[in-house]
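Student: Have a peek at coords_39.csv (CSV, C-alpha atoms).
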chain,number,residue,atom,x,y,z
A,1270,MET,CA,-42.9,18.3,22.9
A,1271,LYS,CA,-44.9,21.3,22.0
A,1272,LEU,CA,-42.7,24.4,22.0
A,1273,ASP,CA,-44.3,27.7,23.0
A,1274,LEU,CA,-43.3,30.1,20.2
A,1275,ARG,CA,-45.5,33.0,21.4
A,1276,PRO,CA,-42.5,34.9,22.8
A,1277,LEU,CA,-40.8,34.6,19.4
A,1278,LEU,CA,-43.9,35.7,17.6
A,1279,ALA,CA,-44.0,38.7,19.9
A,1280,GLY,CA,-40.5,39.7,19.0
A,1281,ASP,CA,-38.0,37.7,21.0
A,1282,ARG,CA,-34.9,36.7,19.0
A,1283,LEU,CA,-33.9,33.2,20.3
A,1284,LEU,CA,-35.5,30.1,21.8
A,1285,THR,CA,-33.3,27.1,22.7
A,1286,PHE,CA,-34.4,23.7,23.6
A,1287,ASP,CA,-32.9,20.5,24.8
A,1288,TYR,CA,-35.0,17.5,25.8
A,1289,GLU,CA,-35.4,13.7,25.4
A,1290,LEU,CA,-38.2,12.2,23.3
A,1291,PRO,CA,-39.2,8.7,24.3
A,1292,LEU,CA,-40.0,6.6,21.2
A,1293,ASP,CA,-43.1,4.5,21.5
A,1294,ILE,CA,-42.4,2.4,18.4
A,1295,ASP,CA,-43.3,-1.3,18.3
A,1296,SER,CA,-40.3,-3.2,16.8
A,1297,GLU,CA,-42.6,-6.1,16.0
A,1298,ASP,CA,-45.0,-4.1,13.9
A,1299,THR,CA,-44.4,-5.5,10.4
A,1300,SER,CA,-46.2,-2.5,8.8
A,1301,SER,CA,-43.7,-0.1,10.3
A,1302,TYR,CA,-40.7,1.1,8.4
A,1303,LEU,CA,-38.8,0.6,11.7
A,1304,TYR,CA,-39.7,-3.1,11.9
A,1305,GLY,CA,-37.0,-5.1,13.8
A,1306,VAL,CA,-35.3,-2.1,15.3
A,1307,SER,CA,-35.4,-1.3,19.0
A,1308,PHE,CA,-34.5,1.9,20.7
A,1309,PRO,CA,-33.0,1.3,24.2
A,1310,SER,CA,-33.0,5.0,25.1
A,1311,PRO,CA,-35.0,8.1,24.2
A,1312,MET,CA,-34.0,10.3,21.3
A,1313,LYS,CA,-31.9,13.3,22.4
A,1314,VAL,CA,-33.0,16.5,20.8
A,1315,LYS,CA,-31.1,19.8,21.0
A,1316,GLY,CA,-31.7,22.9,18.9
A,1317,GLU,CA,-32.8,26.5,18.6
A,1318,ILE,CA,-35.2,28.7,16.7
A,1319,THR,CA,-34.0,32.2,15.7
A,1320,ASN,CA,-36.2,35.1,14.9
A,1321,THR,CA,-34.7,37.6,12.4
A,1322,ALA,CA,-37.2,40.3,11.7
A,1323,GLY,CA,-40.1,37.9,11.6
A,1324,TYR,CA,-38.2,35.1,9.7
A,1325,MET,CA,-37.9,32.2,12.0
A,1326,ARG,CA,-35.4,29.4,11.3
A,1327,MET,CA,-35.2,26.2,13.3
A,1328,THR,CA,-32.0,24.1,13.5
A,1329,LEU,CA,-31.7,21.0,15.5
A,1330,THR,CA,-29.7,17.9,16.0
A,1331,THR,CA,-30.9,14.6,17.4
A,1332,SER,CA,-29.1,11.4,18.4
A,1333,LEU,CA,-30.7,8.0,18.9
A,1334,ASP,CA,-29.3,4.7,20.1
A,1335,TYR,CA,-30.6,1.7,18.2
A,1336,VAL,CA,-30.3,-2.1,18.1
A,1337,ALA,CA,-31.1,-4.0,14.9
A,1338,SER,CA,-30.2,-7.2,13.1
A,1339,CYS,CA,-27.5,-7.5,10.4
A,1340,ALA,CA,-29.1,-7.9,7.0
A,1341,ARG,CA,-26.8,-10.7,6.1
A,1342,CYS,CA,-26.1,-12.8,9.2
A,1343,LEU,CA,-28.9,-11.6,11.6
A,1344,GLU,CA,-26.4,-10.9,14.4
A,1345,PRO,CA,-27.3,-7.8,16.6
A,1346,VAL,CA,-26.0,-4.5,15.4
A,1347,SER,CA,-26.1,-1.5,17.6
A,1348,GLY,CA,-25.1,2.1,17.1
A,1349,THR,CA,-26.2,5.8,17.3
A,1350,PHE,CA,-28.1,7.5,14.5
A,1351,THR,CA,-27.9,11.2,14.2
A,1352,LEU,CA,-30.2,13.5,12.4
A,1353,ASP,CA,-29.8,17.2,11.6
A,1354,LEU,CA,-32.9,19.2,10.6
A,1355,GLU,CA,-33.4,22.8,9.4
A,1356,LYS,CA,-36.7,24.3,8.7
A,1357,THR,CA,-38.4,27.6,8.4
A,1358,CYS,CA,-41.1,28.1,11.1
A,1359,SER,CA,-44.3,29.8,10.1
A,1360,PRO,CA,-47.9,30.1,11.4
A,1361,ARG,CA,-50.3,28.1,9.3
A,1362,ASP,CA,-52.3,31.2,8.3
A,1363,MET,CA,-49.2,32.8,6.8
A,1364,LEU,CA,-48.7,29.9,4.4
A,1365,GLY,CA,-52.0,30.4,2.6
A,1366,ASP,CA,-52.8,27.8,-0.1
A,1367,LEU,CA,-49.3,26.3,-0.4
A,1368,ASP,CA,-49.1,22.9,-2.2
A,1369,GLU,CA,-48.8,19.9,0.2
A,1370,ASN,CA,-45.3,19.2,-1.1
A,1371,LYS,CA,-44.2,22.7,-0.2
A,1372,LEU,CA,-45.7,22.5,3.3
A,1373,ASP,CA,-43.1,19.8,4.2
A,1374,GLU,CA,-40.4,22.5,4.0
A,1375,PHE,CA,-42.0,24.3,6.9
A,1376,ALA,CA,-42.4,23.7,10.6
A,1377,ILE,CA,-46.0,24.8,11.1
A,1378,ILE,CA,-47.0,26.9,14.1
A,1379,GLU,CA,-50.5,26.2,15.4
A,1380,ASP,CA,-52.0,28.7,17.9
A,1381,GLY,CA,-48.5,29.8,18.9
A,1382,PHE,CA,-47.1,26.3,19.5
A,1383,LEU,CA,-44.9,24.0,17.4
A,1384,ASP,CA,-45.4,20.2,17.7
A,1385,LEU,CA,-41.8,19.2,17.3
A,1386,ASP,CA,-42.3,15.5,18.1
A,1387,GLU,CA,-44.5,14.8,15.1
A,1388,GLN,CA,-42.0,16.4,12.8
A,1389,LEU,CA,-39.2,14.3,14.3
A,1390,TYR,CA,-41.1,11.1,13.9
A,1391,GLU,CA,-41.7,11.8,10.2
A,1392,GLN,CA,-38.1,12.8,9.6
A,1393,LEU,CA,-36.9,9.6,11.4
A,1394,GLU,CA,-39.0,7.4,9.2
A,1395,MET,CA,-37.7,9.1,6.1
A,1396,GLU,CA,-34.0,9.1,6.9
A,1397,PHE,CA,-33.4,6.1,9.1
A,1398,PRO,CA,-31.4,3.4,7.3
A,1399,MET,CA,-33.3,0.5,5.8
A,1400,ARG,CA,-30.7,-2.1,6.7
A,1401,PHE,CA,-27.6,-2.6,8.8
A,1402,LEU,CA,-24.5,-4.7,8.4
A,1403,CYS,CA,-22.4,-6.0,11.3
A,1404,ASN,CA,-19.4,-5.2,9.1
A,1405,GLU,CA,-18.9,-4.5,5.4
A,1406,ASP,CA,-17.3,-7.9,4.8
A,1407,CYS,CA,-20.1,-9.9,6.4
A,1408,LYS,CA,-20.3,-13.3,4.7
A,1409,GLY,CA,-23.9,-13.9,5.8
A,1410,LEU,CA,-25.6,-17.2,6.3
A,1411,CYS,CA,-25.1,-20.5,4.3
A,1412,GLN,CA,-28.1,-20.8,1.9
A,1413,LYS,CA,-28.2,-24.5,2.5
A,1414,CYS,CA,-27.8,-25.0,6.3
A,1415,GLY,CA,-28.1,-21.5,7.7
A,1416,LYS,CA,-24.7,-21.4,9.5
A,1417,ASN,CA,-23.2,-18.0,10.1
A,1418,LEU,CA,-20.3,-18.0,7.6
A,1419,ASN,CA,-18.4,-15.3,9.6
A,1420,GLU,CA,-17.7,-18.1,12.1
A,1421,GLY,CA,-16.0,-20.3,9.5
A,1422,PRO,CA,-17.0,-22.6,6.7
A,1423,CYS,CA,-20.1,-24.7,7.3
A,1424,GLY,CA,-19.0,-28.0,5.6
A,1425,CYS,CA,-22.1,-28.2,3.3
A,1426,ASP,CA,-21.6,-29.5,-0.2
A,1427,HIS,CA,-21.8,-26.4,-2.3
A,1428,LYS,CA,-21.4,-28.2,-5.6
A,1429,GLU,CA,-25.0,-27.7,-6.4
A,1430,ILE,CA,-25.3,-25.0,-9.0
A,1431,ASP,CA,-28.3,-23.1,-10.2
A,1432,PRO,CA,-29.2,-24.8,-13.5
A,1433,ARG,CA,-29.6,-21.4,-15.1
A,1434,LEU,CA,-25.8,-20.8,-14.5
A,1435,GLU,CA,-24.7,-24.2,-15.8
A,1436,PRO,CA,-23.8,-22.8,-19.3
A,1437,LEU,CA,-21.5,-20.3,-17.6
A,1438,ARG,CA,-19.8,-23.0,-15.5
A,1439,LYS,CA,-19.1,-25.0,-18.7
A,1440,LEU,CA,-17.7,-21.9,-20.4
A,1441,LEU,CA,-15.5,-21.2,-17.5
A,1442,GLU,CA,-14.2,-24.9,-17.5
A,1443,GLN,CA,-13.5,-24.6,-21.2
A,1444,MET,CA,-11.6,-21.4,-20.8
A,1445,LYS,CA,-9.5,-22.9,-18.0
A,1446,ALA,CA,-8.8,-26.0,-20.1
A,1447,GLU,CA,-7.7,-23.8,-23.1
A,1448,GLU,CA,-5.4,-21.8,-20.8
A,1449,ASN,CA,-3.8,-25.0,-19.3
A,1450,ASN,CA,-3.2,-26.3,-22.9
A,1451,LYS,CA,-1.3,-23.1,-23.8
A,1452,LYS,CA,1.2,-23.6,-20.9
What does the file become when written as structure tokens?
Tutor:
Amino acid sequence: MKLDLRPLLAGDRLLTFDYELPLDIDSEDTSSYLYGVSFPSPMKVKGEITNTAGYMRMTLTTSLDYVASCARCLEPVSGTFTLDLEKTCSPRDMLGDLDENKLDEFAIIEDGFLDLDEQLYEQLEMEFPMRFLCNEDCKGLCQKCGKNLNEGPCGCDHKEIDPRLEPLRKLLEQMKAEENNKK
């Protein structure tokens, strides 16, 4: 959504907004940071821009429903992601030759309008979690047969040990044997 900030630039004190932003993000695009995540409903955006003697400050809150896969067991995980954003609004010509890193701190007004959607997409990509868990105690999948271990043991023979860990297994057996001899 492009917000018309001309009334604020002319001296108004407050502009409120409340809208829904449909996300056109392909969950199958492997180059996207949001790969594997789907958004069943639009992002809800609510906020305001206040003008105090020419200093304009934007504050907004968004909420977004998502569906993703658990990083351990691949079961679906759904929830709501919220994002709070505060930025100073300024016309581009007022910013002069600011460094690119400093420009990120501003919501830039172009010809009296602020393209809010572009900023929300950028912020979403920066702050959206990289992975999700169905629960903190998720046991994941069996490395051998692929069974979801949250549903119970799989019955695979887990006696195989990584050969690099064999010396540690021998040391553990030796320590247990010594402990049993002391009893």
Student: With distances taken over all atoms listed in the file, which of A:Glu1374, A:Asp1295, A:Asp1353, A:Glu1289 is nearest to Leu1393 in chain A?
Tutor: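 Once distances to Leu1393 in chain A are computed over all atoms listed in the file, the minimum belongs to A:Asp1353.
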Student: Which residue gives the smallest distance to Pro1345 in chain A among A:Leu1329, A:Met1312, A:Leu1277, A:Cys1403, with all atoms listed in the file counted?
Tutor: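 Looking at the shortest contact to Pro1345 in chain A, the residue is A:Cys1403.
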Student: Taking all atoms listed in the file into account, name the residue in A:Asp1386, A:Asp1281, A:Phe1397, A:Ile1318 that is nearest to Leu1333 in chain A.
Tutor: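 Under the stated criterion, the closest residue is A:Phe1397.
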Student: Which residue out of A:Leu1441, A:Cys1407, A:Cys1425, A:Leu1278 has the minimum interatomic distance to Leu1343 in chain A when all atoms listed in the file are used?
Tutor: A:Cys1407
Student: Please identify all polymer residues within 7 Å of Asp1334 in chain A, counting only C-alpha atoms, omitting same-chain residues fewer than 2 positions from it, and present them as a list in words.
Tutor: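 In the requested form, the answer reads Phe1308, Pro1309, Ser1310, Ser1332, Gly1348, Thr1349 and Phe1350 of chain A.
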Student: How far is it from CA of Leu1284 in chain A to CA of Val1314 in chain A, in Å with one decimal?
Tutor: 13.9 Å
Student: Write out, as CSV, each residue of range 1317-1368 of chain A that has an atom at most 12 Å from range 1296-1301 of chain A, together with the closest pair of atoms and their distance in Å to one decimal, counting only C-alpha atoms, rows going by chain and rising number.
Tutor:
residue,atom,partner,partner_atom,distance
A:Tyr1335,CA,A:Ser1296,CA,11.0
A:Val1336,CA,A:Ser1296,CA,10.1
A:Ala1337,CA,A:Ser1296,CA,9.4
A:Ser1338,CA,A:Ser1296,CA,11.5
Student: In Å to one decimal, how far is CA of Met1270 in chain A from CA of Glu1387 in chain A?
Tutor: 8.7 Å
Student: For Phe1286 in chain A, which of A:Thr1319, A:Gln1443, A:Asn1417, A:Ser1307 is the closest residue, counting all atoms listed in the file?
Tutor: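 Using all atoms listed in the file, Phe1286 in chain A sits closest to A:Thr1319.
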Student: Using only C-alpha atoms, which of the listed residues (A:Asp1273, A:Glu1435, A:Cys1342, A:Leu1352) sits closest to Tyr1390 in chain A?
Tutor: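 Looking only at the distances to Tyr1390 in chain A, the closest residue turns out to be A:Leu1352.
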Student: Work out how far CA of Val1306 in chain A is from CA of Ser1347 in chain A, in Å to one decimal.
Tutor: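 So the answer is 9.5 Å.
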Student: Set the distance at 10 Å and use all atoms listed in the file: which residues neighbour Glu1420 in chain A once local chain neighbours fewer than 2 positions away are removed? I'd like the list as a list in words.
Tutor: Lys1408, Gly1409, Leu1410, Lys1416, Asn1417, Leu1418, Pro1422 and Cys1423 of chain A
Student: Residues of the last selection are to be written out with C-alpha atoms, as a short mmCIF file (atom, residue, chain, number, x, y, z; two decimals), keeping the file's coordinate frame.
Tutor:
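selection.cif written:
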data_model
loop_
_atom_site.label_atom_id
_atom_site.label_comp_id
_atom_site.auth_asym_id
_atom_site.auth_seq_id
_atom_site.Cartn_x
_atom_site.Cartn_y
_atom_site.Cartn_z
CA LYS A 1408 -20.30 -13.30 4.70
CA GLY A 1409 -23.90 -13.90 5.80
CA LEU A 1410 -25.60 -17.20 6.30
CA LYS A 1416 -24.70 -21.40 9.50
CA ASN A 1417 -23.20 -18.00 10.10
CA LEU A 1418 -20.30 -18.00 7.60
CA PRO A 1422 -17.00 -22.60 6.70
CA CYS A 1423 -20.10 -24.70 7.30
#
Student: Could you check which residues have any atom within 9 Å of (-50.0, 31.0, 15.5), counting only C-alpha atoms with coordinates taken straight from the file, and then list them as a list in words?
Tutor: Leu1274, Arg1275, Leu1278, Ser1359, Pro1360, Arg1361, Asp1362, Met1363, Ile1377, Ile1378, Glu1379, Asp1380, Gly1381, Phe1382 and Leu1383 of chain A
Student: Taking the structure in the block just given, could you write range 1319-1364 of chain A with C-alpha atoms, as a PDB file, in the first residue's frame?
Tutor:
ATOM      1  CA  THR A1319       2.760  11.092  13.854  1.00  0.00           C
ATOM      2  CA  ASN A1320       4.061  14.493  12.805  1.00  0.00           C
ATOM      3  CA  THR A1321       5.646  16.541  15.574  1.00  0.00           C
ATOM      4  CA  ALA A1322       6.969  19.832  14.205  1.00  0.00           C
ATOM      5  CA  GLY A1323       8.156  18.178  10.982  1.00  0.00           C
ATOM      6  CA  TYR A1324       9.582  15.068  12.656  1.00  0.00           C
ATOM      7  CA  MET A1325       7.514  12.105  11.428  1.00  0.00           C
ATOM      8  CA  ARG A1326       7.610   8.801  13.285  1.00  0.00           C
ATOM      9  CA  MET A1327       5.934   5.620  12.050  1.00  0.00           C
ATOM     10  CA  THR A1328       4.956   2.833  14.436  1.00  0.00           C
ATOM     11  CA  LEU A1329       3.171  -0.276  13.252  1.00  0.00           C
ATOM     12  CA  THR A1330       2.323  -3.822  14.226  1.00  0.00           C
ATOM     13  CA  THR A1331       1.728  -6.715  11.876  1.00  0.00           C
ATOM     14  CA  SER A1332       0.427 -10.220  12.406  1.00  0.00           C
ATOM     15  CA  LEU A1333       0.747 -13.067   9.967  1.00  0.00           C
ATOM     16  CA  ASP A1334      -0.516 -16.656  10.093  1.00  0.00           C
ATOM     17  CA  TYR A1335       1.940 -19.251   8.762  1.00  0.00           C
ATOM     18  CA  VAL A1336       2.255 -22.983   8.140  1.00  0.00           C
ATOM     19  CA  ALA A1337       5.710 -24.573   8.018  1.00  0.00           C
ATOM     20  CA  SER A1338       7.366 -27.925   8.696  1.00  0.00           C
ATOM     21  CA  CYS A1339       9.037 -28.924  11.958  1.00  0.00           C
ATOM     22  CA  ALA A1340      12.806 -28.836  11.483  1.00  0.00           C
ATOM     23  CA  ARG A1341      13.184 -32.199  13.262  1.00  0.00           C
ATOM     24  CA  CYS A1342      10.192 -34.391  12.371  1.00  0.00           C
ATOM     25  CA  LEU A1343       8.735 -32.567   9.328  1.00  0.00           C
ATOM     26  CA  GLU A1344       5.220 -32.440  10.835  1.00  0.00           C
ATOM     27  CA  PRO A1345       3.204 -29.290  10.017  1.00  0.00           C
ATOM     28  CA  VAL A1346       3.606 -26.378  12.415  1.00  0.00           C
ATOM     29  CA  SER A1347       1.254 -23.423  12.346  1.00  0.00           C
ATOM     30  CA  GLY A1348       1.170 -20.201  14.274  1.00  0.00           C
ATOM     31  CA  THR A1349       1.042 -16.431  14.109  1.00  0.00           C
ATOM     32  CA  PHE A1350       4.130 -14.282  13.624  1.00  0.00           C
ATOM     33  CA  THR A1351       3.985 -10.691  14.846  1.00  0.00           C
ATOM     34  CA  LEU A1352       6.291  -7.907  13.844  1.00  0.00           C
ATOM     35  CA  ASP A1353       6.607  -4.441  15.382  1.00  0.00           C
ATOM     36  CA  LEU A1354       8.322  -1.726  13.399  1.00  0.00           C
ATOM     37  CA  GLU A1355       9.314   1.847  14.218  1.00  0.00           C
ATOM     38  CA  LYS A1356      10.983   4.158  11.738  1.00  0.00           C
ATOM     39  CA  THR A1357      11.453   7.832  11.077  1.00  0.00           C
ATOM     40  CA  CYS A1358       9.739   8.986   7.870  1.00  0.00           C
ATOM     41  CA  SER A1359      11.585  11.436   5.689  1.00  0.00           C
ATOM     42  CA  PRO A1360      11.462  12.663   2.095  1.00  0.00           C
ATOM     43  CA  ARG A1361      14.417  11.353   0.077  1.00  0.00           C
ATOM     44  CA  ASP A1362      15.708  14.862  -0.696  1.00  0.00           C
ATOM     45  CA  MET A1363      15.981  15.607   3.060  1.00  0.00           C
ATOM     46  CA  LEU A1364      18.331  12.659   3.588  1.00  0.00           C
TER      47      LEU A1364
END
